[in-house]
Amino acid sequence: MKIAFIGGGNMAAALIGGLIKRGTSPADVYAIDINDEARERTAKQFGIATGAAVDGKLADYDAIVLAVKPQVLRSVAETLAPHLSKQTIISIAAGIRASDLSRWLNGYTQIVRTMPNTPALIGMGVTGLAALPGVNDASKKLASQVLEAVGEAVWFDDESMLDAVTGISGSGPAYVFYFIEAIQEAACQLGMDEAQGRALAVATFTGAAQLAAQSGEPASVLRERVTSKGGTTAAALASFDAQGVKDAIVRGALAAQARAKEMGDEFGAG
């Protein structure tokens with residue numbers, strides 16, 4: 001598999017590193033970035049070839065990952081369009097619909113839209129994927145291989161569900177960090193220093209997440225198992241419920257989904 005990246009940010013670096021770790025030869029990876037410093041850093045870190053602009057070299061690659069900011073994707077796509085024939089296009093740009101990307105690529109249809117998240121930076125991400133109608137099985141398999149290099153891949157038949165993915169897993173790490181911040185603040189109010197609070201909060205979240213992943217039981221069952229009637233955990237959860245914490249989290253995720261849809265409308269206009 002030969003794969004090219006347009007854009008050299010953190011997510012592109014995570015994917016390149018994950019692919020090489022899984023056995024892709026550095027000789028089969030190519031990265032394009034207009035920033036000289038970023039390009040040199042990528043070449044040095046991974047031992048891959050790099051370029052400063054989209055050109056005919058991309059015709060030799062099986063997949064092209066678009067890892068640029070949503071605001072510049074249209075101009076990149078219009079430059080890329082003349083060089084496409086059979087490549088699978090994988091977009092990781094938030095909010096850009098595959099149909100709009102296809103339009104910017106002069107009707108090219110072998111496009112897979114994805115929504116990864118930041119734990120991909122340590123190989124523990126989860127990515128939602130959706131293919132434009134007509135994308136062949138080979139392209140879907142190729143997209144899965146690329147995104148599974150940094151974690152799990154979950155496919156959706158309806159591309160609009162990727163806006164929901166944005167609200168759940170795309171923005172989700174920030175929700176976890178937000179909750180960790182709150183636990184750390186509580187720890188400080190209870191007399192712990194910052195390091196102690198961080199250690200307890202992070203280890204608790206890591207352990208609880210691993211327990212949920214390995215047990216396979218519903219989160220509600222796991223929660224009930226550690227909640228004794230009249231006990232300390234019950235007191236905390238009752239306080240959360242009284243203040244509408246669960247409802248606030250749900251509303252926050254829905255707000256993220258709505259904003260993702262708005263971004264699609266904004267960036268896809270014209």
# chains A, B, ... in the order shown; residues from 1 in each chain; ligands from 1
call {"tool": "residues_around", "arguments": {"residues": "A:Ala38", "least_positions_apart": "5", "cutoff": "8 Å", "atoms": "only C-alpha atoms", "output": "list in words"}}
result
Gly8, Gly9 and Asp33 of chain A
call {"tool": "residues_around", "arguments": {"residues": "A:Lys69", "least_positions_apart": "6", "cutoff": "12 Å", "atoms": "only C-alpha atoms", "output": "list in words"}}
result
Ile6, Gly7, Gly8, Gly9, Asn10, Met11, Ala12, Ser75, Val76, Ala77, Ser91, Ile92, Ala93, Ala94, Gly95, Ile96 and Phe267 of chain A
call {"tool": "write_last_selection", "arguments": {"atoms": "N, CA and C atoms", "output": "mmCIF file, in the first residue's frame"}}
result
data_model
loop_
_atom_site.group_PDB
_atom_site.id
_atom_site.type_symbol
_atom_site.label_atom_id
_atom_site.label_comp_id
_atom_site.auth_asym_id
_atom_site.auth_seq_id
_atom_site.Cartn_x
_atom_site.Cartn_y
_atom_site.Cartn_z
ATOM 1 N N ILE A 6 -1.547 14.894 2.564
ATOM 2 C CA ILE A 6 -1.488 16.327 2.289
ATOM 3 C C ILE A 6 -1.830 17.025 3.597
ATOM 4 N N GLY A 7 -0.830 17.684 4.170
ATOM 5 C CA GLY A 7 -0.962 18.249 5.510
ATOM 6 C C GLY A 7 -0.109 17.442 6.473
ATOM 7 N N GLY A 8 0.625 18.132 7.312
ATOM 8 C CA GLY A 8 1.568 17.428 8.188
ATOM 9 C C GLY A 8 1.379 17.720 9.658
ATOM 10 N N GLY A 9 0.145 17.853 10.093
ATOM 11 C CA GLY A 9 -0.121 18.142 11.495
ATOM 12 C C GLY A 9 -0.003 16.925 12.389
ATOM 13 N N ASN A 10 -0.486 17.059 13.621
ATOM 14 C CA ASN A 10 -0.359 15.984 14.605
ATOM 15 C C ASN A 10 -1.076 14.705 14.193
ATOM 16 N N MET A 11 -2.273 14.838 13.621
ATOM 17 C CA MET A 11 -3.019 13.643 13.243
ATOM 18 C C MET A 11 -2.342 12.918 12.085
ATOM 19 N N ALA A 12 -1.831 13.674 11.124
ATOM 20 C CA ALA A 12 -1.094 13.051 10.025
ATOM 21 C C ALA A 12 0.127 12.316 10.559
ATOM 22 N N SER A 75 -9.427 24.650 -1.564
ATOM 23 C CA SER A 75 -8.341 25.037 -2.465
ATOM 24 C C SER A 75 -7.391 23.878 -2.709
ATOM 25 N N VAL A 76 -7.145 23.081 -1.668
ATOM 26 C CA VAL A 76 -6.290 21.902 -1.822
ATOM 27 C C VAL A 76 -6.935 20.909 -2.778
ATOM 28 N N ALA A 77 -8.238 20.681 -2.605
ATOM 29 C CA ALA A 77 -8.950 19.724 -3.452
ATOM 30 C C ALA A 77 -8.936 20.160 -4.912
ATOM 31 N N SER A 91 -10.562 11.740 3.865
ATOM 32 C CA SER A 91 -10.565 13.069 4.471
ATOM 33 C C SER A 91 -10.711 12.966 5.979
ATOM 34 N N ILE A 92 -9.826 13.647 6.698
ATOM 35 C CA ILE A 92 -9.966 13.724 8.157
ATOM 36 C C ILE A 92 -10.300 15.151 8.585
ATOM 37 N N ALA A 93 -10.728 15.969 7.624
ATOM 38 C CA ALA A 93 -11.077 17.363 7.904
ATOM 39 C C ALA A 93 -12.458 17.436 8.549
ATOM 40 N N ALA A 94 -12.536 18.004 9.719
ATOM 41 C CA ALA A 94 -13.795 18.068 10.460
ATOM 42 C C ALA A 94 -14.837 18.891 9.716
ATOM 43 N N GLY A 95 -16.049 18.342 9.624
ATOM 44 C CA GLY A 95 -17.185 19.085 9.112
ATOM 45 C C GLY A 95 -17.351 19.123 7.607
ATOM 46 N N ILE A 96 -16.375 18.653 6.847
ATOM 47 C CA ILE A 96 -16.473 18.713 5.390
ATOM 48 C C ILE A 96 -17.180 17.471 4.862
ATOM 49 N N PHE A 267 -18.622 25.556 5.453
ATOM 50 C CA PHE A 267 -17.471 25.237 4.612
ATOM 51 C C PHE A 267 -17.883 24.713 3.242
#
call {"tool": "atom_distance", "arguments": {"atom1": "atom CA of A:Ala203", "atom2": "atom CA of A:Gly18"}}
result
25.1 Å
call {"tool": "residues_around", "arguments": {"residues": "A:Ala149", "least_positions_apart": "2", "cutoff": "7 Å", "atoms": "only C-alpha atoms", "output": "ChimeraX atom specification"}}
result
/A:15,18-19,22,145-147,151
call {"tool": "write_last_selection", "arguments": {"atoms": "N, CA and C atoms", "output": "short mmCIF file (atom, residue, chain, number, x, y, z; two decimals), in the first residue's frame"}}
result
data_model
loop_
_atom_site.label_atom_id
_atom_site.label_comp_id
_atom_site.auth_asym_id
_atom_site.auth_seq_id
_atom_site.Cartn_x
_atom_site.Cartn_y
_atom_site.Cartn_z
N LEU A 15 -0.91 9.05 12.14
CA LEU A 15 -1.24 8.04 11.14
C LEU A 15 0.01 7.49 10.47
N GLY A 18 1.75 5.27 12.94
CA GLY A 18 1.00 4.03 13.13
C GLY A 18 1.14 3.08 11.97
N LEU A 19 1.10 3.61 10.76
CA LEU A 19 1.24 2.78 9.57
C LEU A 19 2.62 2.14 9.50
N ARG A 22 3.04 -0.61 11.90
CA ARG A 22 2.31 -1.81 11.49
C ARG A 22 2.91 -2.49 10.27
N GLN A 145 -7.78 0.17 6.93
CA GLN A 145 -6.39 -0.14 7.26
C GLN A 145 -5.64 1.10 7.73
N VAL A 146 -5.90 2.21 7.08
CA VAL A 146 -5.21 3.45 7.45
C VAL A 146 -5.62 3.91 8.84
N LEU A 147 -6.93 3.97 9.11
CA LEU A 147 -7.39 4.50 10.40
C LEU A 147 -7.18 3.52 11.54
N GLY A 151 -5.94 3.02 16.07
CA GLY A 151 -7.02 2.66 16.99
C GLY A 151 -8.15 1.90 16.30
#
call {"tool": "closest_residue", "arguments": {"among": "A:Ala43, A:Leu237, A:Thr79, A:Gly17", "to": "A:Glu224", "atoms": "only C-alpha atoms"}}
result
A:Leu237
call {"tool": "select_by_dssp", "arguments": {"residues": "stretch 122-213 of chain A", "states": "strand (DSSP E or B)", "output": "list in words"}}
result
Gly125, Val126, Thr127, Gly128, Leu129, Ala130, Ala131, Gly151, Glu152, Ala153, Val154 and Trp155 of chain A
call {"tool": "write_last_selection", "arguments": {"atoms": "N, CA and C atoms", "output": "PDB file, in the first residue's frame"}}
result
ATOM      1  N   GLY A 125      -7.002   5.766  19.484  1.00  0.00           N
ATOM      2  CA  GLY A 125      -8.125   6.549  19.009  1.00  0.00           C
ATOM      3  C   GLY A 125      -9.288   5.685  18.561  1.00  0.00           C
ATOM      4  N   VAL A 126     -10.372   6.354  18.224  1.00  0.00           N
ATOM      5  CA  VAL A 126     -11.500   5.693  17.575  1.00  0.00           C
ATOM      6  C   VAL A 126     -11.975   6.643  16.486  1.00  0.00           C
ATOM      7  N   THR A 127     -12.252   6.086  15.317  1.00  0.00           N
ATOM      8  CA  THR A 127     -12.593   6.893  14.155  1.00  0.00           C
ATOM      9  C   THR A 127     -13.913   6.442  13.565  1.00  0.00           C
ATOM     10  N   GLY A 128     -14.787   7.388  13.295  1.00  0.00           N
ATOM     11  CA  GLY A 128     -15.999   7.104  12.537  1.00  0.00           C
ATOM     12  C   GLY A 128     -15.704   7.289  11.060  1.00  0.00           C
ATOM     13  N   LEU A 129     -16.217   6.390  10.219  1.00  0.00           N
ATOM     14  CA  LEU A 129     -15.985   6.469   8.780  1.00  0.00           C
ATOM     15  C   LEU A 129     -17.301   6.333   8.030  1.00  0.00           C
ATOM     16  N   ALA A 130     -17.402   7.034   6.897  1.00  0.00           N
ATOM     17  CA  ALA A 130     -18.549   6.899   6.002  1.00  0.00           C
ATOM     18  C   ALA A 130     -18.060   7.124   4.582  1.00  0.00           C
ATOM     19  N   ALA A 131     -18.549   6.308   3.669  1.00  0.00           N
ATOM     20  CA  ALA A 131     -18.103   6.392   2.281  1.00  0.00           C
ATOM     21  C   ALA A 131     -19.160   7.063   1.415  1.00  0.00           C
ATOM     22  N   GLY A 151      -5.943   3.016  16.070  1.00  0.00           N
ATOM     23  CA  GLY A 151      -7.025   2.655  16.988  1.00  0.00           C
ATOM     24  C   GLY A 151      -8.148   1.905  16.302  1.00  0.00           C
ATOM     25  N   GLU A 152      -9.360   2.088  16.785  1.00  0.00           N
ATOM     26  CA  GLU A 152     -10.526   1.397  16.249  1.00  0.00           C
ATOM     27  C   GLU A 152     -11.167   2.205  15.123  1.00  0.00           C
ATOM     28  N   ALA A 153     -11.849   1.486  14.215  1.00  0.00           N
ATOM     29  CA  ALA A 153     -12.576   2.127  13.119  1.00  0.00           C
ATOM     30  C   ALA A 153     -14.019   1.638  13.145  1.00  0.00           C
ATOM     31  N   VAL A 154     -14.961   2.573  13.112  1.00  0.00           N
ATOM     32  CA  VAL A 154     -16.386   2.242  13.156  1.00  0.00           C
ATOM     33  C   VAL A 154     -17.060   2.854  11.930  1.00  0.00           C
ATOM     34  N   TRP A 155     -17.675   1.992  11.105  1.00  0.00           N
ATOM     35  CA  TRP A 155     -18.303   2.448   9.866  1.00  0.00           C
ATOM     36  C   TRP A 155     -19.768   2.820  10.071  1.00  0.00           C
TER      37      TRP A 155
END
call {"tool": "atom_distance", "arguments": {"atom1": "atom CA of A:Asn106", "atom2": "atom CA of A:Ile3"}}
result
21.4 Å
call {"tool": "select_by_dssp", "arguments": {"residues": "stretch 94-229 of chain A", "states": "helix (DSSP H, G or I)", "output": "number ranges by chain"}}
result
A: 98-104, 118-122, 137-150, 161-170, 172-189, 194-215, 219-225
call {"tool": "closest_residue", "arguments": {"among": "A:Val72, A:Ala260, A:Ala120, A:Ala4", "to": "A:Pro173", "atoms": "only C-alpha atoms"}}
result
A:Ala120
call {"tool": "closest_residue", "arguments": {"among": "A:Ala81, A:Leu66, A:Met124, A:Val226", "to": "A:Tyr108", "atoms": "only C-alpha atoms"}}
result
A:Ala81
call {"tool": "closest_residue", "arguments": {"among": "A:Phe156, A:Phe179, A:Tyr30, A:Phe205", "to": "A:Ile249", "atoms": "only C-alpha atoms"}}
result
A:Phe179
call {"tool": "atom_distance", "arguments": {"atom1": "atom CA of A:Val112", "atom2": "atom CA of A:Asp62"}}
result
13.3 Å
call {"tool": "decode", "arguments": {"residues": "stretch 126-163 of chain A", "atoms": "N, CA and C atoms", "output": "mmCIF file, in the first residue's frame"}}
result
data_model
loop_
_atom_site.group_PDB
_atom_site.id
_atom_site.type_symbol
_atom_site.label_atom_id
_atom_site.label_comp_id
_atom_site.auth_asym_id
_atom_site.auth_seq_id
_atom_site.Cartn_x
_atom_site.Cartn_y
_atom_site.Cartn_z
ATOM 1 N N VAL A 126 -10.372 6.354 18.224
ATOM 2 C CA VAL A 126 -11.500 5.693 17.575
ATOM 3 C C VAL A 126 -11.975 6.643 16.486
ATOM 4 N N THR A 127 -12.252 6.086 15.317
ATOM 5 C CA THR A 127 -12.593 6.893 14.155
ATOM 6 C C THR A 127 -13.913 6.442 13.565
ATOM 7 N N GLY A 128 -14.787 7.388 13.295
ATOM 8 C CA GLY A 128 -15.999 7.104 12.537
ATOM 9 C C GLY A 128 -15.704 7.289 11.060
ATOM 10 N N LEU A 129 -16.217 6.390 10.219
ATOM 11 C CA LEU A 129 -15.985 6.469 8.780
ATOM 12 C C LEU A 129 -17.301 6.333 8.030
ATOM 13 N N ALA A 130 -17.402 7.034 6.897
ATOM 14 C CA ALA A 130 -18.549 6.899 6.002
ATOM 15 C C ALA A 130 -18.060 7.124 4.582
ATOM 16 N N ALA A 131 -18.549 6.308 3.669
ATOM 17 C CA ALA A 131 -18.103 6.392 2.281
ATOM 18 C C ALA A 131 -19.160 7.063 1.415
ATOM 19 N N LEU A 132 -18.712 7.794 0.438
ATOM 20 C CA LEU A 132 -19.610 8.357 -0.555
ATOM 21 C C LEU A 132 -20.258 7.201 -1.323
ATOM 22 N N PRO A 133 -21.538 7.300 -1.679
ATOM 23 C CA PRO A 133 -22.168 6.223 -2.455
ATOM 24 C C PRO A 133 -21.349 5.892 -3.700
ATOM 25 N N GLY A 134 -21.152 4.607 -3.937
ATOM 26 C CA GLY A 134 -20.378 4.177 -5.095
ATOM 27 C C GLY A 134 -18.935 3.842 -4.794
ATOM 28 N N VAL A 135 -18.492 4.124 -3.584
ATOM 29 C CA VAL A 135 -17.119 3.764 -3.210
ATOM 30 C C VAL A 135 -17.002 2.246 -3.166
ATOM 31 N N ASN A 136 -15.969 1.707 -3.793
ATOM 32 C CA ASN A 136 -15.840 0.250 -3.873
ATOM 33 C C ASN A 136 -15.291 -0.347 -2.580
ATOM 34 N N ASP A 137 -15.430 -1.661 -2.471
ATOM 35 C CA ASP A 137 -15.005 -2.350 -1.248
ATOM 36 C C ASP A 137 -13.506 -2.220 -1.006
ATOM 37 N N ALA A 138 -12.735 -2.188 -2.089
ATOM 38 C CA ALA A 138 -11.282 -2.065 -1.939
ATOM 39 C C ALA A 138 -10.913 -0.734 -1.282
ATOM 40 N N SER A 139 -11.607 0.321 -1.672
ATOM 41 C CA SER A 139 -11.337 1.631 -1.077
ATOM 42 C C SER A 139 -11.741 1.664 0.390
ATOM 43 N N LYS A 140 -12.865 1.025 0.708
ATOM 44 C CA LYS A 140 -13.303 0.975 2.110
ATOM 45 C C LYS A 140 -12.297 0.199 2.960
ATOM 46 N N LYS A 141 -11.814 -0.909 2.413
ATOM 47 C CA LYS A 141 -10.833 -1.712 3.142
ATOM 48 C C LYS A 141 -9.551 -0.920 3.364
ATOM 49 N N LEU A 142 -9.150 -0.183 2.351
ATOM 50 C CA LEU A 142 -7.935 0.625 2.453
ATOM 51 C C LEU A 142 -8.096 1.702 3.522
ATOM 52 N N ALA A 143 -9.256 2.348 3.546
ATOM 53 C CA ALA A 143 -9.509 3.376 4.559
ATOM 54 C C ALA A 143 -9.482 2.781 5.961
ATOM 55 N N SER A 144 -10.063 1.598 6.104
ATOM 56 C CA SER A 144 -10.036 0.928 7.412
ATOM 57 C C SER A 144 -8.606 0.659 7.848
ATOM 58 N N GLN A 145 -7.780 0.166 6.931
ATOM 59 C CA GLN A 145 -6.390 -0.144 7.263
ATOM 60 C C GLN A 145 -5.642 1.103 7.731
ATOM 61 N N VAL A 146 -5.902 2.214 7.083
ATOM 62 C CA VAL A 146 -5.213 3.454 7.450
ATOM 63 C C VAL A 146 -5.624 3.911 8.843
ATOM 64 N N LEU A 147 -6.931 3.973 9.107
ATOM 65 C CA LEU A 147 -7.389 4.502 10.398
ATOM 66 C C LEU A 147 -7.183 3.517 11.538
ATOM 67 N N GLU A 148 -7.188 2.218 11.244
ATOM 68 C CA GLU A 148 -6.932 1.235 12.298
ATOM 69 C C GLU A 148 -5.477 1.259 12.752
ATOM 70 N N ALA A 149 -4.634 1.976 12.028
ATOM 71 C CA ALA A 149 -3.240 2.126 12.449
ATOM 72 C C ALA A 149 -3.130 2.956 13.720
ATOM 73 N N VAL A 150 -4.214 3.672 14.067
ATOM 74 C CA VAL A 150 -4.174 4.503 15.280
ATOM 75 C C VAL A 150 -5.322 4.185 16.237
ATOM 76 N N GLY A 151 -5.943 3.016 16.070
ATOM 77 C CA GLY A 151 -7.025 2.655 16.988
ATOM 78 C C GLY A 151 -8.148 1.905 16.302
ATOM 79 N N GLU A 152 -9.360 2.088 16.785
ATOM 80 C CA GLU A 152 -10.526 1.397 16.249
ATOM 81 C C GLU A 152 -11.167 2.205 15.123
ATOM 82 N N ALA A 153 -11.849 1.486 14.215
ATOM 83 C CA ALA A 153 -12.576 2.127 13.119
ATOM 84 C C ALA A 153 -14.019 1.638 13.145
ATOM 85 N N VAL A 154 -14.961 2.573 13.112
ATOM 86 C CA VAL A 154 -16.386 2.242 13.156
ATOM 87 C C VAL A 154 -17.060 2.854 11.930
ATOM 88 N N TRP A 155 -17.675 1.992 11.105
ATOM 89 C CA TRP A 155 -18.303 2.448 9.866
ATOM 90 C C TRP A 155 -19.768 2.820 10.071
ATOM 91 N N PHE A 156 -20.208 3.826 9.306
ATOM 92 C CA PHE A 156 -21.604 4.259 9.294
ATOM 93 C C PHE A 156 -22.089 4.317 7.848
ATOM 94 N N ASP A 157 -23.306 3.820 7.622
ATOM 95 C CA ASP A 157 -23.877 3.863 6.275
ATOM 96 C C ASP A 157 -24.310 5.277 5.901
ATOM 97 N N ASP A 158 -24.773 6.026 6.883
ATOM 98 C CA ASP A 158 -25.272 7.385 6.664
ATOM 99 C C ASP A 158 -24.193 8.391 7.057
ATOM 100 N N GLU A 159 -23.689 9.129 6.080
ATOM 101 C CA GLU A 159 -22.601 10.070 6.363
ATOM 102 C C GLU A 159 -22.984 11.126 7.388
ATOM 103 N N SER A 160 -24.267 11.500 7.448
ATOM 104 C CA SER A 160 -24.673 12.530 8.407
ATOM 105 C C SER A 160 -24.403 12.104 9.844
ATOM 106 N N MET A 161 -24.260 10.790 10.064
ATOM 107 C CA MET A 161 -23.954 10.303 11.408
ATOM 108 C C MET A 161 -22.561 10.725 11.868
ATOM 109 N N LEU A 162 -21.712 11.152 10.939
ATOM 110 C CA LEU A 162 -20.381 11.599 11.362
ATOM 111 C C LEU A 162 -20.450 12.908 12.142
ATOM 112 N N ASP A 163 -21.521 13.678 11.940
ATOM 113 C CA ASP A 163 -21.716 14.846 12.800
ATOM 114 C C ASP A 163 -21.997 14.393 14.228
#
